[in-house]
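A.B. asks: Okay, so here is entry-v6.txt, and as you'll see once you scroll down, it has compact mmCIF, C-alpha atoms.
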```txt
# COMPACT_ATOMS: atom_id res chain seq x y z
CA HIS A 113 105.52 1.10 -49.81
CA LEU A 114 107.32 4.37 -50.46
CA GLN A 115 104.96 7.23 -51.12
CA ARG A 116 107.30 10.22 -50.90
CA ARG A 117 111.05 10.45 -51.44
CA SER A 118 113.62 13.20 -51.40
CA SER A 119 117.32 13.29 -52.23
CA GLN A 120 117.71 16.21 -49.85
CA SER A 121 116.58 14.74 -46.54
CA PRO A 122 117.89 11.65 -44.72
CA LEU A 123 114.61 11.09 -42.86
CA LEU A 124 111.08 11.26 -44.26
CA PHE A 125 107.70 10.09 -42.97
CA ALA A 126 105.69 8.48 -45.76
CA ASP A 127 102.60 7.21 -43.95
CA SER A 128 101.49 5.79 -40.63
CA ASN A 129 103.08 2.42 -41.32
CA ILE A 130 106.34 3.32 -43.06
CA ILE A 131 109.29 5.45 -42.07
CA THR A 132 111.89 5.96 -44.80
CA MET A 133 115.47 6.46 -43.72
CA VAL A 134 118.88 6.66 -45.37
CA CYS A 135 117.50 8.03 -48.62
CA PRO A 136 120.64 7.32 -50.73
CA CYS A 137 119.71 3.62 -50.76
CA CYS A 138 115.95 4.08 -50.19
CA PHE A 139 116.04 1.90 -47.10
CA THR A 140 112.63 1.54 -45.45
CA ILE A 141 111.85 0.88 -41.81
CA PRO A 142 108.15 0.12 -41.25
CA SER A 143 106.92 1.72 -38.05
CA VAL A 144 105.82 -1.67 -36.68
CA ILE A 145 109.50 -2.67 -36.52
CA ILE A 146 110.39 0.43 -34.53
CA LYS A 147 107.53 -0.37 -32.15
CA LEU A 148 108.78 -3.94 -31.69
CA LEU A 149 112.32 -2.79 -30.95
CA ALA A 150 111.08 -0.04 -28.64
CA THR A 151 108.94 -2.56 -26.76
CA ALA A 152 111.93 -4.87 -26.32
CA SER A 153 113.99 -1.98 -24.97
CA ALA A 154 111.19 -0.87 -22.64
CA LEU A 155 110.80 -4.40 -21.27
CA SER A 156 114.50 -4.60 -20.51
CA TYR A 157 114.56 -1.24 -18.74
CA GLY A 158 111.30 -1.86 -16.91
CA GLN A 159 112.45 -5.23 -15.61
CA ARG A 160 115.52 -3.72 -14.00
CA PHE A 161 113.54 -0.87 -12.49
CA LEU A 162 110.66 -2.96 -11.12
CA THR A 163 112.81 -5.70 -9.60
CA LYS A 164 115.71 -3.66 -8.21
CA ASN A 165 114.52 -4.16 -4.63
CA SER A 166 113.60 -7.86 -5.05
CA ASN A 167 115.73 -10.80 -3.95
CA LYS A 168 118.29 -12.17 -6.37
CA TRP A 169 116.23 -15.18 -7.48
CA VAL A 170 113.27 -13.02 -8.41
CA ARG A 171 115.62 -10.71 -10.29
CA ARG A 172 117.27 -13.61 -12.11
CA ILE A 173 114.00 -15.27 -13.11
CA SER A 174 112.52 -11.94 -14.16
CA PHE A 175 115.66 -11.13 -16.14
CA GLY A 176 115.56 -14.50 -17.91
CA ILE A 177 111.91 -14.16 -18.94
CA THR A 178 112.40 -10.57 -20.06
CA LEU A 179 115.50 -11.50 -22.05
CA ILE A 180 113.68 -14.28 -23.90
CA VAL A 181 110.69 -12.08 -24.74
CA SER A 182 112.95 -9.20 -25.80
CA LEU A 183 115.03 -11.45 -28.06
CA ILE A 184 111.86 -12.80 -29.68
CA LEU A 185 110.63 -9.27 -30.37
CA VAL A 186 114.01 -8.23 -31.76
CA GLY A 187 114.13 -11.37 -33.93
CA ILE A 188 110.66 -10.68 -35.34
CA GLY A 189 111.64 -7.09 -35.98
CA LEU A 190 114.81 -8.02 -37.86
CA PHE A 191 112.93 -10.65 -39.88
CA LEU A 192 110.33 -8.08 -40.90
CA LEU A 193 113.05 -5.56 -41.69
CA VAL A 194 114.70 -7.97 -44.13
CA LEU A 195 111.37 -8.78 -45.81
CA ALA A 196 110.38 -5.12 -46.03
CA ASN A 197 113.56 -4.29 -47.95
CA ASN A 198 113.80 -7.33 -50.22
CA ASP A 199 110.95 -7.47 -52.73
CA ASP A 200 112.21 -10.67 -54.34
CA LEU A 201 112.49 -12.56 -51.05
CA ARG A 202 109.08 -11.31 -49.93
CA SER A 203 107.42 -12.32 -53.22
CA ARG A 204 109.06 -15.74 -53.27
CA GLY A 205 108.23 -16.44 -49.63
CA PHE A 206 104.62 -15.37 -50.09
CA ALA A 207 104.27 -17.55 -53.20
CA ASN A 208 105.64 -20.59 -51.34
CA PHE A 209 103.34 -19.98 -48.37
CA CYS A 210 100.25 -19.63 -50.58
CA ALA A 211 101.12 -22.73 -52.59
CA MET A 212 101.58 -24.72 -49.39
CA GLN A 213 98.34 -23.50 -47.78
CA ASN A 214 95.94 -22.92 -50.65
CA LEU A 215 96.45 -25.94 -52.91
CA LYS A 216 95.27 -28.48 -50.35
CA ASP A 217 92.11 -30.43 -51.05
CA GLY A 218 89.18 -30.44 -48.66
CA GLY A 219 88.67 -28.19 -45.68
CA PRO A 220 85.82 -25.83 -44.83
CA MET A 221 87.39 -22.79 -46.53
CA ASN A 222 87.59 -24.65 -49.83
CA GLU A 223 83.92 -25.55 -49.47
CA VAL A 224 83.06 -21.87 -49.10
CA ARG A 225 85.30 -20.93 -52.02
CA CYS A 226 83.95 -23.54 -54.41
CA ALA A 227 80.33 -22.95 -53.36
CA ILE A 228 80.36 -19.33 -54.48
CA LEU A 229 82.22 -20.13 -57.71
CA ASN A 230 79.94 -23.04 -58.60
CA GLU A 231 76.77 -21.10 -57.76
CA ALA A 232 77.87 -18.36 -60.15
CA ASP A 233 77.88 -20.89 -63.00
CA ILE A 234 81.21 -19.80 -64.47
CA SER A 235 81.41 -20.08 -68.25
CA GLY A 236 82.87 -18.43 -71.33
CA LYS A 237 85.87 -16.11 -71.07
CA VAL A 238 87.14 -15.78 -67.50
CA LEU A 239 89.43 -13.10 -66.12
CA GLU A 240 90.91 -13.55 -62.64
CA PHE A 241 92.86 -10.91 -60.75
CA GLY A 242 95.42 -12.35 -58.34
CA PRO A 243 94.94 -16.09 -58.99
CA GLY A 244 98.08 -16.89 -57.01
CA PRO A 245 99.11 -20.53 -57.48
CA GLY A 246 95.76 -21.42 -59.03
CA THR A 247 93.87 -21.58 -55.75
CA ASN A 248 90.47 -21.58 -57.46
CA PHE A 249 91.35 -24.25 -60.02
CA LYS A 250 90.13 -27.02 -57.74
CA CYS A 251 86.65 -25.53 -58.12
CA PHE A 252 86.82 -25.76 -61.93
CA VAL A 253 87.30 -29.53 -62.07
CA ASN A 254 84.90 -31.20 -64.53
CA SER A 255 83.94 -27.79 -65.90
CA THR A 256 83.95 -27.72 -69.69
CA SER A 257 82.19 -24.37 -70.05
CA ILE A 258 85.28 -22.17 -69.62
CA SER A 259 86.48 -21.27 -73.11
CA GLU A 260 89.41 -19.06 -72.12
CA TYR A 261 91.12 -18.03 -68.88
CA VAL A 262 93.39 -15.06 -68.18
CA GLY A 263 95.18 -14.71 -64.85
CA VAL A 264 96.51 -11.24 -63.95
CA GLU A 265 99.23 -11.88 -61.37
CA PRO A 266 102.21 -9.57 -60.65
CA ASN A 267 104.07 -12.20 -58.59
CA THR A 268 105.80 -14.26 -61.27
CA TYR A 269 106.78 -16.92 -58.73
CA PHE A 270 103.18 -18.12 -58.94
CA LYS A 271 103.31 -18.93 -62.66
CA GLU A 272 104.97 -22.33 -62.41
CA GLU A 273 102.72 -23.40 -59.54
CA MET A 274 99.66 -22.28 -61.48
CA MET A 275 100.62 -24.31 -64.53
CA ARG A 276 101.24 -27.39 -62.36
CA GLU A 277 97.91 -26.95 -60.61
CA LYS A 278 96.08 -26.66 -63.94
CA GLU A 279 97.66 -29.90 -65.15
CA LYS A 280 97.01 -31.63 -61.82
CA ARG A 281 93.29 -30.76 -62.00
CA GLY A 282 93.01 -31.90 -65.61
CA LEU A 283 91.81 -28.51 -66.83
CA THR A 284 91.91 -28.10 -70.60
CA PHE A 285 90.96 -24.47 -71.20
CA PRO A 286 93.68 -22.19 -72.66
CA LEU A 287 95.45 -20.17 -69.97
CA ASP A 288 97.16 -16.82 -70.41
CA PHE A 289 99.35 -15.58 -67.54
CA ALA A 290 99.59 -11.77 -67.48
CA PRO A 291 102.48 -10.70 -65.16
CA LEU A 292 100.91 -7.38 -64.24
CA ARG A 293 99.41 -5.60 -61.28
CA GLY A 294 95.64 -5.38 -61.43
CA GLU A 295 95.95 -1.60 -61.63
CA ASP A 296 98.10 -1.93 -64.77
CA TYR A 297 95.87 -4.33 -66.71
CA VAL A 298 94.53 -1.62 -69.03
CA ASP A 299 95.05 -3.02 -72.53
CA VAL A 300 92.21 -5.53 -72.31
CA MET A 301 89.43 -5.11 -74.85
CA SER A 302 86.37 -3.52 -73.28
CA GLU A 303 83.40 -5.77 -72.54
CA SER A 304 85.26 -8.92 -73.63
CA PHE A 305 84.91 -11.21 -70.57
CA ASP A 306 81.92 -13.09 -69.23
CA VAL A 307 83.24 -13.51 -65.69
CA VAL A 308 85.74 -11.64 -63.51
CA ILE A 309 87.00 -13.35 -60.33
CA LEU A 310 88.34 -11.42 -57.34
CA THR A 311 89.10 -13.67 -54.38
CA HIS A 312 91.57 -12.60 -51.69
CA VAL A 313 93.26 -10.07 -53.95
CA LEU A 314 91.77 -6.62 -53.29
CA CYS A 315 93.38 -6.53 -49.85
CA SER A 316 96.86 -6.42 -51.38
CA VAL A 317 96.44 -3.98 -54.27
CA ASP A 318 97.47 -0.34 -54.09
CA SER A 319 94.11 0.93 -55.36
CA VAL A 320 90.98 -1.17 -54.94
CA GLU A 321 88.97 1.30 -57.02
CA THR A 322 91.40 1.11 -59.97
CA VAL A 323 91.29 -2.69 -60.02
CA LEU A 324 87.49 -2.64 -59.83
CA ALA A 325 87.46 -0.12 -62.70
CA ASN A 326 89.60 -2.42 -64.85
CA ALA A 327 87.39 -5.37 -63.95
CA GLU A 328 84.27 -3.39 -64.82
CA ARG A 329 85.68 -2.31 -68.17
CA ALA A 330 86.64 -5.89 -69.09
CA LEU A 331 83.23 -7.30 -68.18
CA LYS A 332 80.39 -7.68 -70.71
CA PRO A 333 76.93 -6.32 -69.86
CA GLY A 334 75.25 -9.10 -67.90
CA GLY A 335 78.64 -10.45 -66.90
CA LYS A 336 79.41 -11.46 -63.34
CA MET A 337 82.03 -10.20 -60.93
CA ILE A 338 82.65 -12.85 -58.25
CA ILE A 339 84.05 -11.48 -55.01
CA MET A 340 85.40 -12.97 -51.78
CA GLU A 341 87.62 -10.86 -49.53
CA HIS A 342 88.51 -10.52 -45.87
CA LYS A 343 87.46 -7.28 -44.19
CA THR A 344 87.54 -5.23 -41.03
CA ALA A 345 85.76 -6.52 -37.94
CA GLY A 346 83.00 -4.54 -36.26
CA GLU A 347 83.92 -1.23 -34.68
CA GLY A 348 84.81 -1.44 -31.01
CA THR A 349 85.29 -5.23 -31.03
CA LYS A 350 88.34 -6.98 -29.66
CA LEU A 351 88.97 -8.50 -33.09
CA LYS A 352 89.05 -5.01 -34.65
CA MET A 353 91.70 -3.98 -32.11
CA PHE A 354 93.63 -7.17 -32.86
CA GLN A 355 93.49 -6.39 -36.60
CA GLU A 356 94.97 -2.96 -35.91
CA VAL A 357 97.85 -4.55 -34.00
CA VAL A 358 98.75 -7.37 -36.41
CA GLY A 359 97.72 -5.61 -39.63
CA PRO A 360 101.08 -3.84 -40.16
CA ILE A 361 102.93 -7.14 -39.63
CA PHE A 362 100.82 -8.99 -42.19
CA ASN A 363 101.20 -6.07 -44.57
CA ILE A 364 104.86 -7.10 -44.81
CA ILE A 365 104.49 -10.88 -44.58
CA GLY A 366 101.43 -10.91 -46.84
CA ASN A 367 103.15 -8.92 -49.57
CA GLY A 368 101.02 -5.80 -49.16
CA CYS A 369 97.92 -7.30 -47.53
CA LYS A 370 95.79 -4.68 -45.74
CA VAL A 371 92.68 -4.89 -43.56
CA LEU A 372 90.01 -2.73 -45.23
CA ASP A 373 86.25 -2.26 -45.04
CA MET A 374 85.75 -4.17 -48.27
CA THR A 375 81.97 -4.21 -48.13
CA LYS A 376 81.79 -0.42 -48.03
CA ILE A 377 84.48 0.06 -50.69
CA ILE A 378 82.95 -2.41 -53.15
CA GLU A 379 79.36 -1.23 -52.73
CA SER A 380 80.39 2.43 -52.94
CA TYR A 381 82.38 1.95 -56.13
CA LEU A 382 80.05 -0.36 -58.06
CA GLY A 383 77.04 1.77 -57.15
CA ASN A 384 73.99 1.39 -59.36
CA ARG A 385 75.98 0.20 -62.38
CA PHE A 386 75.84 -3.33 -60.96
CA SER A 387 73.27 -5.49 -59.27
CA VAL A 388 75.26 -6.25 -56.11
CA GLN A 389 74.55 -9.10 -53.70
CA LEU A 390 77.11 -9.24 -50.90
CA ASP A 391 76.99 -11.25 -47.68
CA GLU A 392 79.28 -10.84 -44.70
CA PHE A 393 80.31 -14.02 -42.90
CA GLU A 394 82.85 -15.53 -40.53
CA ALA A 395 85.35 -17.50 -42.60
CA PRO A 396 86.41 -20.91 -41.21
CA LEU A 397 90.09 -19.99 -41.01
CA PRO A 398 92.51 -21.31 -38.37
CA ALA A 399 92.96 -19.04 -35.36
CA PHE A 400 96.72 -19.14 -35.93
CA PRO A 401 97.85 -17.34 -37.95
CA LEU A 402 94.66 -16.05 -39.59
CA LEU A 403 92.31 -15.07 -36.78
CA PHE A 404 92.48 -11.44 -37.95
CA ALA A 405 91.18 -12.45 -41.41
CA ARG A 406 88.06 -14.32 -40.33
CA PRO A 407 85.61 -11.46 -41.06
CA HIS A 408 84.77 -11.90 -44.75
CA VAL A 409 82.47 -10.67 -47.47
CA LYS A 410 81.41 -12.68 -50.50
CA GLY A 411 78.98 -12.28 -53.34
CA VAL A 412 78.27 -11.68 -56.99
CA ALA A 413 77.91 -8.35 -58.76
CA THR A 414 76.18 -8.48 -62.13
CA LYS A 415 76.89 -5.71 -64.63
CA LYS A 416 73.80 -3.93 -65.90
```
What is this file in structure tokens?
C.D. replies:
Amino acid sequence: HLQRRSSQSPLLFADSNIITMVCPCCFTIPSVIIKLLATASALSYGQRFLTKNSNKWVRRISFGITLIVSLILVGIGLFLLVLANNDDLRSRGFANFCAMQNLKDGGPMNEVRCAILNEADISGKVLEFGPGPGTNFKCFVNSTSISEYVGVEPNTYFKEEMMREKEKRGLTFPLDFAPLRGEDYVDVMSESFDVVILTHVLCSVDSVETVLANAERALKPGGKMIIMEHKTAGEGTKLKMFQEVVGPIFNIIGNGCKVLDMTKIIESYLGNRFSVQLDEFEAPLPAFPLLFARPHVKGVATKK
């Protein structure tokens, strides 16, 4: 999260979402937390000001409601503050959440996921960036055409879950777990993989272009890059405004997840070096807590 540090100044602004304070211990306070605490304070002050001439019952009821809402906001803020400053806790919590949500069988989102993977006819050497707990493994059941699989995953808490999921699904291909960020996976032999999978990972990397560059380098000519990511909603829509409000919160909870215009980024980077077929769609995700992530893009990019 920290983009700029100094041992000389106790207060630095790093970006629009992070404020770094108390530089001796590199303690970070995301701006969303300050906004939550400021809102709680404003509610408390506003309640007293607006109801000062009301009867005592109105004041008491108003005070009670305001107190509850303010305490909820403060609680959320403190929870986010702890997560923002504890990488291990954030990584472990995110791994547990993903394992609980993504390893379930059935459901419309799994149908979408497996449809795109099965249509791509995955075979040969497969490289997946951000496989998490093995979310896509359910789509590989009964597939004997995968000769080798490499999962590039910086969150090591996923490794055990991934191995269990592979065994549960009866998958026999050799699996190599690379505990690296997608940006750091640079030692792979060029043009050595038949398929690269990128599903719900580009939102949480520091540089989408760098990960796409590593994927491109690893892919053989004629190889396929399979993509499914959530994206920004249309400009001026209520959902776009909602994404802007909740995005900073999910950036912390989702271990770096950001809401980006993935269609534009992917098409701009891959350019004419790939034959790109992308489709935007509304993902069948539950309104709570994933309404903001319903706008999606999926498709296959074939390397020329």
A.B. asks: Report, in Å with one decimal, the straight-line distance from CA of Gly246 in chain A to CA of Met212 in chain A.
C.D. replies: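 Computed distance, CA of Gly246 in chain A to CA of Met212 in chain A, equals 11.7 Å.
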A.B. asks: Using all atoms listed in the file, which of A:Thr268, A:Pro360, A:Phe393, A:Val308 sits nearest Ile146 in chain A?
C.D. replies: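 Closest to Ile146 in chain A, using all atoms listed in the file: A:Pro360.
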A.B. asks: At most 9 Å from (75.7, -13.5, -46.7), file frame, only C-alpha atoms: which residues, as a ChimeraX atom specification?
C.D. replies: /A:389-393,409-411
A.B. asks: Mind writing the picked residues with C-alpha atoms as a short mmCIF file (atom, residue, chain, number, x, y, z; two decimals), in the coordinates of the input?
C.D. replies:
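Once written, again-v7.cif looks like this:
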```
data_model
loop_
_atom_site.label_atom_id
_atom_site.label_comp_id
_atom_site.auth_asym_id
_atom_site.auth_seq_id
_atom_site.Cartn_x
_atom_site.Cartn_y
_atom_site.Cartn_z
CA GLN A 389 74.55 -9.10 -53.70
CA LEU A 390 77.11 -9.24 -50.90
CA ASP A 391 76.99 -11.25 -47.68
CA GLU A 392 79.28 -10.84 -44.70
CA PHE A 393 80.31 -14.02 -42.90
CA VAL A 409 82.47 -10.67 -47.47
CA LYS A 410 81.41 -12.68 -50.50
CA GLY A 411 78.98 -12.28 -53.34
#
```
A.B. asks: In Å, how far is it from CA of Gly368 in chain A to CA of Asp318 in chain A?
C.D. replies: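 One can read the CA of Gly368 in chain A to CA of Asp318 in chain A distance as 8.2 Å.
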A.B. asks: Of the candidates A:Leu403, A:Ile184, A:Ala345, A:Val307, which shows the shortest atom-to-atom distance to Pro333 in chain A, using only C-alpha atoms?
C.D. replies: A:Val307
A.B. asks: Hey, can you pull every residue with an atom no more than 12 Å from (104.8, -19.1, -51.7), using only C-alpha atoms, and send it as a ChimeraX atom specification?
C.D. replies: /A:200-215,244-247,267-274,365-367
A.B. asks: Distance table requested - range 257-360 of chain A against range 221-235 of chain A, cut-off 8 Å, all atoms listed in the file: one row per qualifying residue with the closest atom pair and its distance in Å to one decimal, ordered by chain and rising residue number, as a tab-separated table.
C.D. replies:
```
residue	atom	partner	partner_atom	distance
A:Ser257	CA	A:Ser235	CA	4.7
A:Ile258	CA	A:Ser235	CA	4.6
A:Ser259	CA	A:Ser235	CA	7.1
A:Asp306	CA	A:Ser235	CA	7.1
A:Val307	CA	A:Ile234	CA	6.7
A:Lys336	CA	A:Ala232	CA	7.8
A:Ile338	CA	A:Leu229	CA	7.3
A:Met340	CA	A:Arg225	CA	8.0
```
A.B. asks: Rank A:Val357, A:Val317, A:Val253, A:Leu310 by their smallest atom-to-atom distance to Pro266 in chain A, using only C-alpha atoms, and report the top residue only.
C.D. replies: A:Val317
A.B. asks: May I ask for the distance between CA of Phe386 in chain A and CA of Glu303 in chain A, given in Å to one decimal place?
C.D. replies: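 Atom-to-atom, CA of Phe386 in chain A to CA of Glu303 in chain A, that is 14.0 Å.
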A.B. asks: Smallest atom-to-atom distance to Pro398 in chain A: which of A:Gly282, A:Pro142, A:Pro220, A:Gly176, using all atoms listed in the file?
C.D. replies: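 When distances to Pro398 in chain A are compared using all atoms listed in the file, the smallest one comes from A:Pro220.
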